[in-house]
>>> print(open('query_5.pdb').read())   # PDB, C-alpha atoms and all ligand atoms
ATOM      1  CA  MET A   1      26.063 -19.983 -26.910  1.00  0.00           C
ATOM      2  CA  THR A   2      23.781 -23.052 -27.072  1.00  0.00           C
ATOM      3  CA  ALA A   3      20.393 -23.406 -25.415  1.00  0.00           C
ATOM      4  CA  PRO A   4      20.478 -24.886 -21.914  1.00  0.00           C
ATOM      5  CA  THR A   5      20.658 -28.672 -22.090  1.00  0.00           C
ATOM      6  CA  LEU A   6      17.525 -29.076 -19.982  1.00  0.00           C
ATOM      7  CA  LEU A   7      15.283 -27.080 -22.289  1.00  0.00           C
ATOM      8  CA  ARG A   8      16.831 -28.314 -25.545  1.00  0.00           C
ATOM      9  CA  ASP A   9      16.051 -31.897 -24.599  1.00  0.00           C
ATOM     10  CA  LEU A  10      12.315 -31.320 -24.223  1.00  0.00           C
ATOM     11  CA  THR A  11      10.011 -31.743 -27.215  1.00  0.00           C
ATOM     12  CA  PRO A  12       7.410 -28.995 -27.815  1.00  0.00           C
ATOM     13  CA  ASP A  13       4.731 -31.451 -26.693  1.00  0.00           C
ATOM     14  CA  GLN A  14       6.582 -32.136 -23.456  1.00  0.00           C
ATOM     15  CA  GLN A  15       7.018 -28.419 -22.874  1.00  0.00           C
ATOM     16  CA  ARG A  16       3.270 -27.869 -23.317  1.00  0.00           C
ATOM     17  CA  GLN A  17       2.461 -30.655 -20.864  1.00  0.00           C
ATOM     18  CA  ARG A  18       5.001 -29.310 -18.418  1.00  0.00           C
ATOM     19  CA  ASP A  19       3.656 -25.750 -18.628  1.00  0.00           C
ATOM     20  CA  ALA A  20       0.085 -26.959 -18.079  1.00  0.00           C
ATOM     21  CA  LEU A  21       1.162 -28.862 -14.981  1.00  0.00           C
ATOM     22  CA  VAL A  22       3.188 -25.886 -13.742  1.00  0.00           C
ATOM     23  CA  ALA A  23       0.145 -23.604 -14.108  1.00  0.00           C
ATOM     24  CA  LEU A  24      -1.935 -26.057 -12.091  1.00  0.00           C
ATOM     25  CA  LEU A  25       0.672 -26.430  -9.351  1.00  0.00           C
ATOM     26  CA  VAL A  26       1.193 -22.676  -9.057  1.00  0.00           C
ATOM     27  CA  ALA A  27      -2.548 -21.953  -8.993  1.00  0.00           C
ATOM     28  CA  ALA A  28      -2.813 -24.269  -5.980  1.00  0.00           C
ATOM     29  CA  LEU A  29      -0.164 -22.191  -4.176  1.00  0.00           C
ATOM     30  CA  ILE A  30      -1.645 -18.747  -4.800  1.00  0.00           C
ATOM     31  CA  PHE A  31      -3.188 -16.935  -1.862  1.00  0.00           C
ATOM     32  CA  GLY A  32      -5.785 -14.174  -1.929  1.00  0.00           C
ATOM     33  CA  VAL A  33      -4.510 -10.620  -2.159  1.00  0.00           C
ATOM     34  CA  GLY A  34      -7.306  -9.400   0.166  1.00  0.00           C
ATOM     35  CA  PRO A  35      -6.243 -11.347   3.286  1.00  0.00           C
ATOM     36  CA  LEU A  36      -2.620 -10.447   2.619  1.00  0.00           C
ATOM     37  CA  ALA A  37      -3.476  -6.739   2.352  1.00  0.00           C
ATOM     38  CA  ALA A  38      -5.488  -6.983   5.600  1.00  0.00           C
ATOM     39  CA  ALA A  39      -2.540  -8.569   7.434  1.00  0.00           C
ATOM     40  CA  ILE A  40      -0.159  -5.922   6.096  1.00  0.00           C
ATOM     41  CA  LEU A  41      -2.556  -3.138   7.090  1.00  0.00           C
ATOM     42  CA  ALA A  42      -2.876  -4.509  10.638  1.00  0.00           C
ATOM     43  CA  ALA A  43       0.933  -4.703  10.940  1.00  0.00           C
ATOM     44  CA  ARG A  44       1.363  -1.170   9.599  1.00  0.00           C
ATOM     45  CA  ILE A  45      -1.247   0.331  11.952  1.00  0.00           C
ATOM     46  CA  ALA A  46       0.256  -1.471  14.964  1.00  0.00           C
ATOM     47  CA  ALA A  47       3.790  -0.333  14.088  1.00  0.00           C
ATOM     48  CA  TRP A  48       2.580   3.228  13.493  1.00  0.00           C
ATOM     49  CA  ARG A  49       0.784   3.414  16.862  1.00  0.00           C
ATOM     50  CA  ASP A  50       3.607   1.711  18.784  1.00  0.00           C
ATOM     51  CA  THR A  51       6.168   4.123  17.396  1.00  0.00           C
ATOM     52  CA  ALA A  52       4.125   7.285  17.956  1.00  0.00           C
ATOM     53  CA  SER A  53       3.260   6.194  21.532  1.00  0.00           C
ATOM     54  CA  ALA A  54       6.883   5.335  22.316  1.00  0.00           C
ATOM     55  CA  ILE A  55       8.127   8.726  21.074  1.00  0.00           C
ATOM     56  CA  TYR A  56       5.507  10.609  23.126  1.00  0.00           C
ATOM     57  CA  ALA A  57       6.311   8.513  26.214  1.00  0.00           C
ATOM     58  CA  ASP A  58      10.072   9.067  25.802  1.00  0.00           C
ATOM     59  CA  LEU A  59       9.568  12.820  25.502  1.00  0.00           C
ATOM     60  CA  GLY A  60       7.264  12.892  28.548  1.00  0.00           C
ATOM     61  CA  ILE A  61       4.282  14.072  26.493  1.00  0.00           C
ATOM     62  CA  ASP A  62       0.881  13.328  28.071  1.00  0.00           C
ATOM     63  CA  ASP A  63      -1.245  14.188  25.013  1.00  0.00           C
ATOM     64  CA  ASP A  64      -2.649  11.345  22.942  1.00  0.00           C
ATOM     65  CA  PRO A  65      -0.173  10.375  20.229  1.00  0.00           C
ATOM     66  CA  PRO A  66      -1.301  11.017  16.640  1.00  0.00           C
ATOM     67  CA  ASP A  67      -3.341   8.395  14.802  1.00  0.00           C
ATOM     68  CA  PRO A  68      -2.288   7.008  11.447  1.00  0.00           C
ATOM     69  CA  ASP A  69      -4.184   7.995   8.314  1.00  0.00           C
ATOM     70  CA  VAL A  70      -5.855   4.618   7.781  1.00  0.00           C
ATOM     71  CA  PRO A  71      -7.069   5.161   4.165  1.00  0.00           C
ATOM     72  CA  THR A  72      -3.487   5.973   3.143  1.00  0.00           C
ATOM     73  CA  LEU A  73      -2.098   2.921   4.926  1.00  0.00           C
ATOM     74  CA  GLN A  74      -4.880   0.819   3.389  1.00  0.00           C
ATOM     75  CA  ALA A  75      -4.026   1.929  -0.143  1.00  0.00           C
ATOM     76  CA  GLU A  76      -0.337   1.248   0.480  1.00  0.00           C
ATOM     77  CA  ALA A  77      -1.093  -2.188   1.946  1.00  0.00           C
ATOM     78  CA  LEU A  78      -3.173  -3.187  -1.081  1.00  0.00           C
ATOM     79  CA  GLN A  79      -0.464  -2.036  -3.476  1.00  0.00           C
ATOM     80  CA  THR A  80       2.170  -3.963  -1.512  1.00  0.00           C
ATOM     81  CA  ALA A  81      -0.022  -7.099  -1.441  1.00  0.00           C
ATOM     82  CA  HIS A  82      -0.443  -6.999  -5.234  1.00  0.00           C
ATOM     83  CA  GLY A  83       3.316  -6.636  -5.659  1.00  0.00           C
ATOM     84  CA  ILE A  84       4.039  -9.533  -3.305  1.00  0.00           C
ATOM     85  CA  ALA A  85       1.474 -11.756  -5.050  1.00  0.00           C
ATOM     86  CA  ALA A  86       2.993 -11.003  -8.471  1.00  0.00           C
ATOM     87  CA  THR A  87       6.519 -11.746  -7.241  1.00  0.00           C
ATOM     88  CA  TRP A  88       5.333 -14.901  -5.541  1.00  0.00           C
ATOM     89  CA  ARG A  89       3.581 -16.114  -8.712  1.00  0.00           C
ATOM     90  CA  ARG A  90       6.721 -15.466 -10.774  1.00  0.00           C
ATOM     91  CA  ASP A  91       9.040 -17.207  -8.294  1.00  0.00           C
ATOM     92  CA  ALA A  92       6.665 -20.162  -7.825  1.00  0.00           C
ATOM     93  CA  THR A  93       6.328 -20.580 -11.601  1.00  0.00           C
ATOM     94  CA  ALA A  94      10.119 -20.623 -12.014  1.00  0.00           C
ATOM     95  CA  ALA A  95      10.492 -23.173  -9.188  1.00  0.00           C
ATOM     96  CA  ALA A  96       7.685 -25.410 -10.529  1.00  0.00           C
ATOM     97  CA  THR A  97       9.074 -25.219 -14.064  1.00  0.00           C
ATOM     98  CA  ALA A  98      12.526 -26.294 -12.887  1.00  0.00           C
ATOM     99  CA  LEU A  99      11.054 -29.211 -10.900  1.00  0.00           C
ATOM    100  CA  ALA A 100       8.799 -30.352 -13.763  1.00  0.00           C
ATOM    101  CA  THR A 101      11.615 -30.070 -16.315  1.00  0.00           C
ATOM    102  CA  ALA A 102      13.927 -32.158 -14.155  1.00  0.00           C
ATOM    103  CA  TYR A 103      11.189 -34.772 -13.709  1.00  0.00           C
ATOM    104  CA  LEU A 104      10.515 -34.917 -17.450  1.00  0.00           C
ATOM    105  CA  LEU A 105      14.179 -35.347 -18.284  1.00  0.00           C
ATOM    106  CA  ALA A 106      14.578 -38.082 -15.699  1.00  0.00           C
ATOM    107  CA  HIS A 107      11.403 -40.006 -16.592  1.00  0.00           C
ATOM    108  CA  GLY A 108      10.616 -38.989 -20.170  1.00  0.00           C
ATOM    109  CA  THR A 109       7.003 -38.363 -19.142  1.00  0.00           C
ATOM    110  CA  LEU A 110       4.981 -36.437 -16.590  1.00  0.00           C
ATOM    111  CA  HIS A 111       2.830 -39.445 -15.688  1.00  0.00           C
ATOM    112  CA  GLY A 112       2.848 -39.755 -11.920  1.00  0.00           C
ATOM    113  CA  ALA A 113       4.590 -36.396 -11.554  1.00  0.00           C
ATOM    114  CA  ARG A 114       1.784 -34.416  -9.986  1.00  0.00           C
ATOM    115  CA  ALA A 115       1.854 -35.818  -6.446  1.00  0.00           C
ATOM    116  CA  ARG A 116       5.617 -35.685  -6.245  1.00  0.00           C
ATOM    117  CA  LEU A 117       5.899 -32.186  -7.725  1.00  0.00           C
ATOM    118  CA  THR A 118       3.142 -30.918  -5.422  1.00  0.00           C
ATOM    119  CA  ARG A 119       5.140 -32.207  -2.462  1.00  0.00           C
ATOM    120  CA  GLU A 120       8.384 -30.712  -3.736  1.00  0.00           C
ATOM    121  CA  LEU A 121       6.767 -27.394  -4.526  1.00  0.00           C
ATOM    122  CA  HIS A 122       5.222 -27.196  -1.065  1.00  0.00           C
ATOM    123  CA  GLY A 123       8.697 -27.695   0.355  1.00  0.00           C
ATOM    124  CA  TRP A 124       9.930 -24.846  -1.812  1.00  0.00           C
ATOM    125  CA  ALA A 125       6.971 -22.654  -0.757  1.00  0.00           C
ATOM    126  CA  ARG A 126       7.594 -23.314   2.922  1.00  0.00           C
ATOM    127  CA  ASP A 127      11.271 -22.342   2.705  1.00  0.00           C
ATOM    128  CA  HIS A 128      10.571 -19.381   0.443  1.00  0.00           C
ATOM    129  CA  ALA A 129       7.693 -18.078   2.587  1.00  0.00           C
ATOM    130  CA  ALA A 130       9.767 -18.192   5.771  1.00  0.00           C
ATOM    131  CA  TRP A 131      12.373 -15.692   4.630  1.00  0.00           C
ATOM    132  CA  LYS A 132       9.980 -13.725   2.437  1.00  0.00           C
ATOM    133  CA  ALA A 133       7.563 -13.219   5.328  1.00  0.00           C
ATOM    134  CA  ALA A 134      10.349 -11.929   7.567  1.00  0.00           C
ATOM    135  CA  GLN A 135      11.475  -9.565   4.820  1.00  0.00           C
ATOM    136  CA  VAL A 136       7.967  -8.239   4.186  1.00  0.00           C
ATOM    137  CA  ALA A 137       7.269  -7.790   7.906  1.00  0.00           C
ATOM    138  CA  ASN A 138      10.494  -5.809   8.329  1.00  0.00           C
ATOM    139  CA  ALA A 139       9.766  -3.584   5.345  1.00  0.00           C
ATOM    140  CA  GLU A 140       6.116  -2.928   6.240  1.00  0.00           C
ATOM    141  CA  THR A 141       6.513  -2.261   9.944  1.00  0.00           C
ATOM    142  CA  GLY A 142       9.712  -0.266   9.366  1.00  0.00           C
ATOM    143  CA  ASP A 143       8.028   1.898   6.754  1.00  0.00           C
ATOM    144  CA  ALA A 144       5.028   2.624   9.007  1.00  0.00           C
ATOM    145  CA  ALA A 145       7.311   3.351  11.977  1.00  0.00           C
ATOM    146  CA  HIS A 146       9.284   5.848   9.884  1.00  0.00           C
ATOM    147  CA  ALA A 147       6.079   7.654   8.867  1.00  0.00           C
ATOM    148  CA  ALA A 148       4.906   7.704  12.504  1.00  0.00           C
ATOM    149  CA  THR A 149       8.233   9.177  13.639  1.00  0.00           C
ATOM    150  CA  LEU A 150       7.953  12.019  11.124  1.00  0.00           C
ATOM    151  CA  ALA A 151       4.296  12.668  12.045  1.00  0.00           C
ATOM    152  CA  ALA A 152       5.003  12.733  15.792  1.00  0.00           C
ATOM    153  CA  LEU A 153       8.045  14.982  15.321  1.00  0.00           C
ATOM    154  CA  ALA A 154       6.065  17.397  13.156  1.00  0.00           C
ATOM    155  CA  LEU A 155       3.457  17.840  15.916  1.00  0.00           C
ATOM    156  CA  VAL A 156       6.047  18.274  18.678  1.00  0.00           C
ATOM    157  CA  ARG A 157       8.117  20.712  16.639  1.00  0.00           C
ATOM    158  CA  ALA A 158       5.007  22.729  15.768  1.00  0.00           C
ATOM    159  CA  GLY A 159       4.359  23.207  19.499  1.00  0.00           C
ATOM    160  CA  SER A 160       1.095  21.254  19.305  1.00  0.00           C
ATOM    161  CA  THR A 161       1.881  19.097  22.360  1.00  0.00           C
ATOM    162  CA  ASP A 162       2.620  19.602  26.051  1.00  0.00           C
ATOM    163  CA  PHE A 163       6.309  18.754  25.492  1.00  0.00           C
ATOM    164  CA  ALA A 164       8.191  20.487  28.314  1.00  0.00           C
ATOM    165  CA  GLY A 165      11.513  20.857  26.487  1.00  0.00           C
ATOM    166  CA  ASP A 166      12.584  23.041  23.591  1.00  0.00           C
ATOM    167  CA  PRO A 167      11.122  21.479  20.425  1.00  0.00           C
ATOM    168  CA  GLN A 168      13.715  23.229  18.265  1.00  0.00           C
ATOM    169  CA  ALA A 169      16.561  21.557  20.207  1.00  0.00           C
ATOM    170  CA  LEU A 170      15.342  18.014  19.485  1.00  0.00           C
ATOM    171  CA  THR A 171      17.699  15.674  17.660  1.00  0.00           C
ATOM    172  CA  VAL A 172      17.378  12.291  15.966  1.00  0.00           C
ATOM    173  CA  THR A 173      19.885   9.452  15.542  1.00  0.00           C
ATOM    174  CA  VAL A 174      19.963   6.663  12.968  1.00  0.00           C
ATOM    175  CA  TRP A 175      20.310   3.204  14.539  1.00  0.00           C
ATOM    176  CA  PRO A 176      21.967   0.669  14.380  1.00  0.00           C
ATOM    177  CA  ASP A 177      25.246   2.589  14.124  1.00  0.00           C
ATOM    178  CA  THR A 178      26.878   0.270  11.576  1.00  0.00           C
ATOM    179  CA  ALA A 179      25.785  -0.627   8.032  1.00  0.00           C
ATOM    180  CA  ALA A 180      26.890  -2.854   5.187  1.00  0.00           C
ATOM    181  CA  GLU A 181      24.995  -0.917   2.498  1.00  0.00           C
ATOM    182  CA  PRO A 182      26.707   2.275   1.228  1.00  0.00           C
ATOM    183  CA  PHE A 183      23.396   4.190   1.386  1.00  0.00           C
ATOM    184  CA  CYS A 184      22.802   3.283   5.034  1.00  0.00           C
ATOM    185  CA  SER A 185      26.430   3.774   6.100  1.00  0.00           C
ATOM    186  CA  GLU A 186      26.066   7.459   5.221  1.00  0.00           C
ATOM    187  CA  PHE A 187      23.510   7.796   8.010  1.00  0.00           C
ATOM    188  CA  ALA A 188      24.230   4.971  10.476  1.00  0.00           C
ATOM    189  CA  GLY A 189      25.059   6.181  13.975  1.00  0.00           C
ATOM    190  CA  LYS A 190      24.820   9.879  13.046  1.00  0.00           C
ATOM    191  CA  THR A 191      22.806  12.452  14.949  1.00  0.00           C
ATOM    192  CA  TYR A 192      20.904  15.234  13.177  1.00  0.00           C
ATOM    193  CA  PRO A 193      18.704  18.151  14.209  1.00  0.00           C
ATOM    194  CA  ALA A 194      15.056  17.001  14.192  1.00  0.00           C
ATOM    195  CA  SER A 195      14.346  19.589  11.479  1.00  0.00           C
ATOM    196  CA  MET A 196      16.281  17.325   9.097  1.00  0.00           C
ATOM    197  CA  ALA A 197      14.377  14.128   9.962  1.00  0.00           C
ATOM    198  CA  SER A 198      12.265  14.098   6.802  1.00  0.00           C
ATOM    199  CA  SER A 199      15.351  14.223   4.577  1.00  0.00           C
ATOM    200  CA  ILE A 200      17.068  11.257   6.294  1.00  0.00           C
ATOM    201  CA  GLY A 201      16.637   7.860   4.658  1.00  0.00           C
ATOM    202  CA  PRO A 202      13.793   6.963   4.351  1.00  0.00           C
ATOM    203  CA  PHE A 203      14.299   3.709   6.213  1.00  0.00           C
ATOM    204  CA  PRO A 204      14.084   0.778   5.723  1.00  0.00           C
ATOM    205  CA  ALA A 205      16.130   1.616   2.655  1.00  0.00           C
ATOM    206  CA  HIS A 206      16.428  -1.870   1.152  1.00  0.00           C
ATOM    207  CA  PRO A 207      15.186  -5.461   1.824  1.00  0.00           C
ATOM    208  CA  ASN A 208      16.149  -6.549   5.360  1.00  0.00           C
ATOM    209  CA  CYS A 209      17.371  -3.039   6.254  1.00  0.00           C
ATOM    210  CA  LEU A 210      17.296  -2.669  10.038  1.00  0.00           C
ATOM    211  CA  HIS A 211      17.913   1.084  10.183  1.00  0.00           C
ATOM    212  CA  TYR A 212      15.474   3.507  11.731  1.00  0.00           C
ATOM    213  CA  VAL A 213      15.357   7.106  12.898  1.00  0.00           C
ATOM    214  CA  ALA A 214      15.114   7.424  16.683  1.00  0.00           C
ATOM    215  CA  VAL A 215      14.099  10.642  18.438  1.00  0.00           C
ATOM    216  CA  ASN A 216      16.529  11.508  21.244  1.00  0.00           C
ATOM    217  CA  SER A 217      14.897  12.453  24.538  1.00  0.00           C
TER     218      SER A 217
HETATM  219 ZN    ZN A 301      19.939  -0.175   6.345  1.00  0.00          ZN
END
>>> encode(input="query_5.pdb", output="structure tokens", more="lines below")
Ligand SMILES: [Zn+2]
Amino acid sequence: MTAPTLLRDLTPDQQRQRDALVALLVAALIFGVGPLAAAILAARIAAWRDTASAIYADLGIDDDPPDPDVPTLQAEALQTAHGIAATWRRDATAAATALATAYLLAHGTLHGARARLTRELHGWARDHAAWKAAQVANAETGDAAHAATLAALALVRAGSTDFAGDPQALTVTVWPDTAAEPFCSEFAGKTYPASMASSIGPFPAHPNCLHYVAVNS
């Protein structure tokens, strides 16, 4: 097994220059973790409230739906933001390194590379951010909605609401009813007694998982 042609062809001096440029390019792409955590928190709170309200409305409950525990959601949002930032930095560094290496091999120097690599890296960032953002939004709102479903069900089942039906007869169903992932296909489309809700999933179970637990009215 020989070293990849691209890396073998670079001198140590060229590699140092390349890595310095990569660090500069990546630093220009990095966003603050604080604003990201704030956006995630807002999305989680909205999803939590929407889900709890929808369940109460579907069950004909007039009481105010439960509120999320904001400090918990805040801590989770910050942790998620740090994870996303670390992944983003790693992916951006790999992309910038590949672009700078290709430039070096084609031109033998990095002179004049910065403007072009900045442009190319912004193109990469735009494409990468589009699918990454959708993935993060799905995971964050899905996670909060799942927690809200369990919290609302716990209150209804405990008899703490004006629900007119029999709380012990409530059931839940996992939607959508088909799944590509083996984990999700065990649950997809199945109906369970509400007492089992906390042992289903949790969903979303993987990146881009669309499954969720719905309370049947
Ligand atoms: Zn799934």
>>> resolve_selection(input="query_5.pdb", expression="the PyMOL selection byres (((chain A and resi 63-79) around 10) and not hetatm)", output="PyMOL selection string")
chain A and resi 33-57+60-62+80-84+140+144+147-148+151-152+155+160-163
>>> write_last_selection(input="query_5.pdb", atoms="C-alpha atoms", output="CSV table (one decimal), in the coordinates of the input")
chain,number,residue,atom,x,y,z
A,33,VAL,CA,-4.5,-10.6,-2.2
A,34,GLY,CA,-7.3,-9.4,0.2
A,35,PRO,CA,-6.2,-11.3,3.3
A,36,LEU,CA,-2.6,-10.4,2.6
A,37,ALA,CA,-3.5,-6.7,2.4
A,38,ALA,CA,-5.5,-7.0,5.6
A,39,ALA,CA,-2.5,-8.6,7.4
A,40,ILE,CA,-0.2,-5.9,6.1
A,41,LEU,CA,-2.6,-3.1,7.1
A,42,ALA,CA,-2.9,-4.5,10.6
A,43,ALA,CA,0.9,-4.7,10.9
A,44,ARG,CA,1.4,-1.2,9.6
A,45,ILE,CA,-1.2,0.3,12.0
A,46,ALA,CA,0.3,-1.5,15.0
A,47,ALA,CA,3.8,-0.3,14.1
A,48,TRP,CA,2.6,3.2,13.5
A,49,ARG,CA,0.8,3.4,16.9
A,50,ASP,CA,3.6,1.7,18.8
A,51,THR,CA,6.2,4.1,17.4
A,52,ALA,CA,4.1,7.3,18.0
A,53,SER,CA,3.3,6.2,21.5
A,54,ALA,CA,6.9,5.3,22.3
A,55,ILE,CA,8.1,8.7,21.1
A,56,TYR,CA,5.5,10.6,23.1
A,57,ALA,CA,6.3,8.5,26.2
A,60,GLY,CA,7.3,12.9,28.5
A,61,ILE,CA,4.3,14.1,26.5
A,62,ASP,CA,0.9,13.3,28.1
A,80,THR,CA,2.2,-4.0,-1.5
A,81,ALA,CA,0.0,-7.1,-1.4
A,82,HIS,CA,-0.4,-7.0,-5.2
A,83,GLY,CA,3.3,-6.6,-5.7
A,84,ILE,CA,4.0,-9.5,-3.3
A,140,GLU,CA,6.1,-2.9,6.2
A,144,ALA,CA,5.0,2.6,9.0
A,147,ALA,CA,6.1,7.7,8.9
A,148,ALA,CA,4.9,7.7,12.5
A,151,ALA,CA,4.3,12.7,12.0
A,152,ALA,CA,5.0,12.7,15.8
A,155,LEU,CA,3.5,17.8,15.9
A,160,SER,CA,1.1,21.3,19.3
A,161,THR,CA,1.9,19.1,22.4
A,162,ASP,CA,2.6,19.6,26.1
A,163,PHE,CA,6.3,18.8,25.5
>>> residues_near_ligand(input="query_5.pdb", ligand="ligand ZN 301 (chain A)", cutoff="9 Å", atoms="only C-alpha atoms and all ligand atoms", output="list in words")
Trp175, Pro176, Thr178, Ala179, Ala180, Glu181, Pro182, Phe183, Cys184, Ser185, Phe187, Ala188, Gly201, Phe203, Pro204, Ala205, His206, Pro207, Asn208, Cys209, Leu210, His211 and Tyr212 of chain A
>>> write_last_selection(input="query_5.pdb", atoms="C-alpha atoms", output="tab-separated table (two decimals), keeping the file's coordinate frame")
chain	number	residue	atom	x	y	z
A	175	TRP	CA	20.31	3.20	14.54
A	176	PRO	CA	21.97	0.67	14.38
A	178	THR	CA	26.88	0.27	11.58
A	179	ALA	CA	25.78	-0.63	8.03
A	180	ALA	CA	26.89	-2.85	5.19
A	181	GLU	CA	25.00	-0.92	2.50
A	182	PRO	CA	26.71	2.28	1.23
A	183	PHE	CA	23.40	4.19	1.39
A	184	CYS	CA	22.80	3.28	5.03
A	185	SER	CA	26.43	3.77	6.10
A	187	PHE	CA	23.51	7.80	8.01
A	188	ALA	CA	24.23	4.97	10.48
A	201	GLY	CA	16.64	7.86	4.66
A	203	PHE	CA	14.30	3.71	6.21
A	204	PRO	CA	14.08	0.78	5.72
A	205	ALA	CA	16.13	1.62	2.66
A	206	HIS	CA	16.43	-1.87	1.15
A	207	PRO	CA	15.19	-5.46	1.82
A	208	ASN	CA	16.15	-6.55	5.36
A	209	CYS	CA	17.37	-3.04	6.25
A	210	LEU	CA	17.30	-2.67	10.04
A	211	HIS	CA	17.91	1.08	10.18
A	212	TYR	CA	15.47	3.51	11.73
>>> closest_residue(input="query_5.pdb", among="A:Asn138, A:Ser198, A:Thr191, A:Thr171", to="Asn216 of chain A", atoms="all atoms listed in the file")
A:Thr171
>>> resolve_selection(input="query_5.pdb", expression="the PyMOL selection byres (((chain A and resi 94) around 12) and not hetatm)", output="ChimeraX atom specification")
/A:18-19,22-23,25-26,87-93,95-101,121,124-125
>>> atom_distance(input="query_5.pdb", atom1="atom CA of Val213 of chain A", atom2="atom CA of Ala130 of chain A")
26.9 Å
>>> atom_distance(input="query_5.pdb", atom1="atom CA of His128 of chain A", atom2="atom CA of Pro202 of chain A")
26.8 Å
>>> closest_residue(input="query_5.pdb", among="A:Leu150, A:Ala85, A:Leu59, A:Ala115", to="Leu21 of chain A", atoms="only C-alpha atoms")
A:Ala115
>>> axis_aligned_box(input="query_5.pdb", around="segment 25-41 of chain A", padding_each_side="4 Å", output="AutoDock Vina command-line options")
--center_x -3.1 --center_y -14.8 --center_z -1.0 --size_x 16.5 --size_y 31.3 --size_z 24.8
>>> atom_distance(input="query_5.pdb", atom1="atom CA of Gln17 of chain A", atom2="atom CA of Leu110 of chain A")
7.6 Å
>>> closest_residue(input="query_5.pdb", among="A:Asp127, A:Asp177, A:Thr141, A:Glu120", to="Tyr103 of chain A", atoms="all atoms listed in the file")
A:Glu120
>>> closest_residue(input="query_5.pdb", among="A:Gly142, A:Ala133, A:Val172, A:Thr118", to="Ala27 of chain A", atoms="all atoms listed in the file")
A:Thr118
>>> closest_residue(input="query_5.pdb", among="A:Gly165, A:Val174, A:Leu153, A:Leu105", to="Ser195 of chain A", atoms="only C-alpha atoms")
A:Leu153
>>> build_atoms(input="query_5.pdb", residues="segment 50-66 of chain A", atoms="N, CA and C atoms", output="PDB file, in the frame of the given file")
ATOM      1  N   ASP A  50       2.537   2.024  17.828  1.00  0.00           N
ATOM      2  CA  ASP A  50       3.607   1.711  18.784  1.00  0.00           C
ATOM      3  C   ASP A  50       4.689   2.789  18.753  1.00  0.00           C
ATOM      4  N   THR A  51       5.081   3.159  17.545  1.00  0.00           N
ATOM      5  CA  THR A  51       6.168   4.123  17.396  1.00  0.00           C
ATOM      6  C   THR A  51       5.766   5.499  17.916  1.00  0.00           C
ATOM      7  N   ALA A  52       4.580   5.962  17.511  1.00  0.00           N
ATOM      8  CA  ALA A  52       4.125   7.285  17.956  1.00  0.00           C
ATOM      9  C   ALA A  52       3.982   7.315  19.481  1.00  0.00           C
ATOM     10  N   SER A  53       3.424   6.247  20.068  1.00  0.00           N
ATOM     11  CA  SER A  53       3.260   6.194  21.532  1.00  0.00           C
ATOM     12  C   SER A  53       4.615   6.202  22.221  1.00  0.00           C
ATOM     13  N   ALA A  54       5.562   5.430  21.682  1.00  0.00           N
ATOM     14  CA  ALA A  54       6.883   5.335  22.316  1.00  0.00           C
ATOM     15  C   ALA A  54       7.590   6.689  22.286  1.00  0.00           C
ATOM     16  N   ILE A  55       7.471   7.413  21.173  1.00  0.00           N
ATOM     17  CA  ILE A  55       8.127   8.726  21.074  1.00  0.00           C
ATOM     18  C   ILE A  55       7.508   9.700  22.089  1.00  0.00           C
ATOM     19  N   TYR A  56       6.180   9.716  22.175  1.00  0.00           N
ATOM     20  CA  TYR A  56       5.507  10.609  23.126  1.00  0.00           C
ATOM     21  C   TYR A  56       5.899  10.247  24.561  1.00  0.00           C
ATOM     22  N   ALA A  57       5.951   8.944  24.860  1.00  0.00           N
ATOM     23  CA  ALA A  57       6.311   8.513  26.214  1.00  0.00           C
ATOM     24  C   ALA A  57       7.746   8.930  26.533  1.00  0.00           C
ATOM     25  N   ASP A  58       8.663   8.715  25.587  1.00  0.00           N
ATOM     26  CA  ASP A  58      10.072   9.067  25.802  1.00  0.00           C
ATOM     27  C   ASP A  58      10.254  10.567  26.047  1.00  0.00           C
ATOM     28  N   LEU A  59       9.423  11.365  25.375  1.00  0.00           N
ATOM     29  CA  LEU A  59       9.568  12.820  25.502  1.00  0.00           C
ATOM     30  C   LEU A  59       8.731  13.361  26.663  1.00  0.00           C
ATOM     31  N   GLY A  60       8.060  12.465  27.398  1.00  0.00           N
ATOM     32  CA  GLY A  60       7.264  12.892  28.548  1.00  0.00           C
ATOM     33  C   GLY A  60       6.015  13.658  28.156  1.00  0.00           C
ATOM     34  N   ILE A  61       5.484  13.372  26.969  1.00  0.00           N
ATOM     35  CA  ILE A  61       4.282  14.072  26.493  1.00  0.00           C
ATOM     36  C   ILE A  61       3.030  13.295  26.943  1.00  0.00           C
ATOM     37  N   ASP A  62       2.093  13.998  27.581  1.00  0.00           N
ATOM     38  CA  ASP A  62       0.881  13.328  28.071  1.00  0.00           C
ATOM     39  C   ASP A  62      -0.247  13.302  27.049  1.00  0.00           C
ATOM     40  N   ASP A  63      -0.181  14.165  26.038  1.00  0.00           N
ATOM     41  CA  ASP A  63      -1.245  14.188  25.013  1.00  0.00           C
ATOM     42  C   ASP A  63      -1.328  12.836  24.323  1.00  0.00           C
ATOM     43  N   ASP A  64      -2.513  12.579  23.721  1.00  0.00           N
ATOM     44  CA  ASP A  64      -2.649  11.345  22.942  1.00  0.00           C
ATOM     45  C   ASP A  64      -1.751  11.425  21.713  1.00  0.00           C
ATOM     46  N   PRO A  65      -1.002  10.357  21.440  1.00  0.00           N
ATOM     47  CA  PRO A  65      -0.173  10.375  20.229  1.00  0.00           C
ATOM     48  C   PRO A  65      -1.047  10.422  18.977  1.00  0.00           C
ATOM     49  N   PRO A  66      -0.496  10.922  17.866  1.00  0.00           N
ATOM     50  CA  PRO A  66      -1.301  11.017  16.640  1.00  0.00           C
ATOM     51  C   PRO A  66      -1.726   9.642  16.134  1.00  0.00           C
TER      52      PRO A  66
END
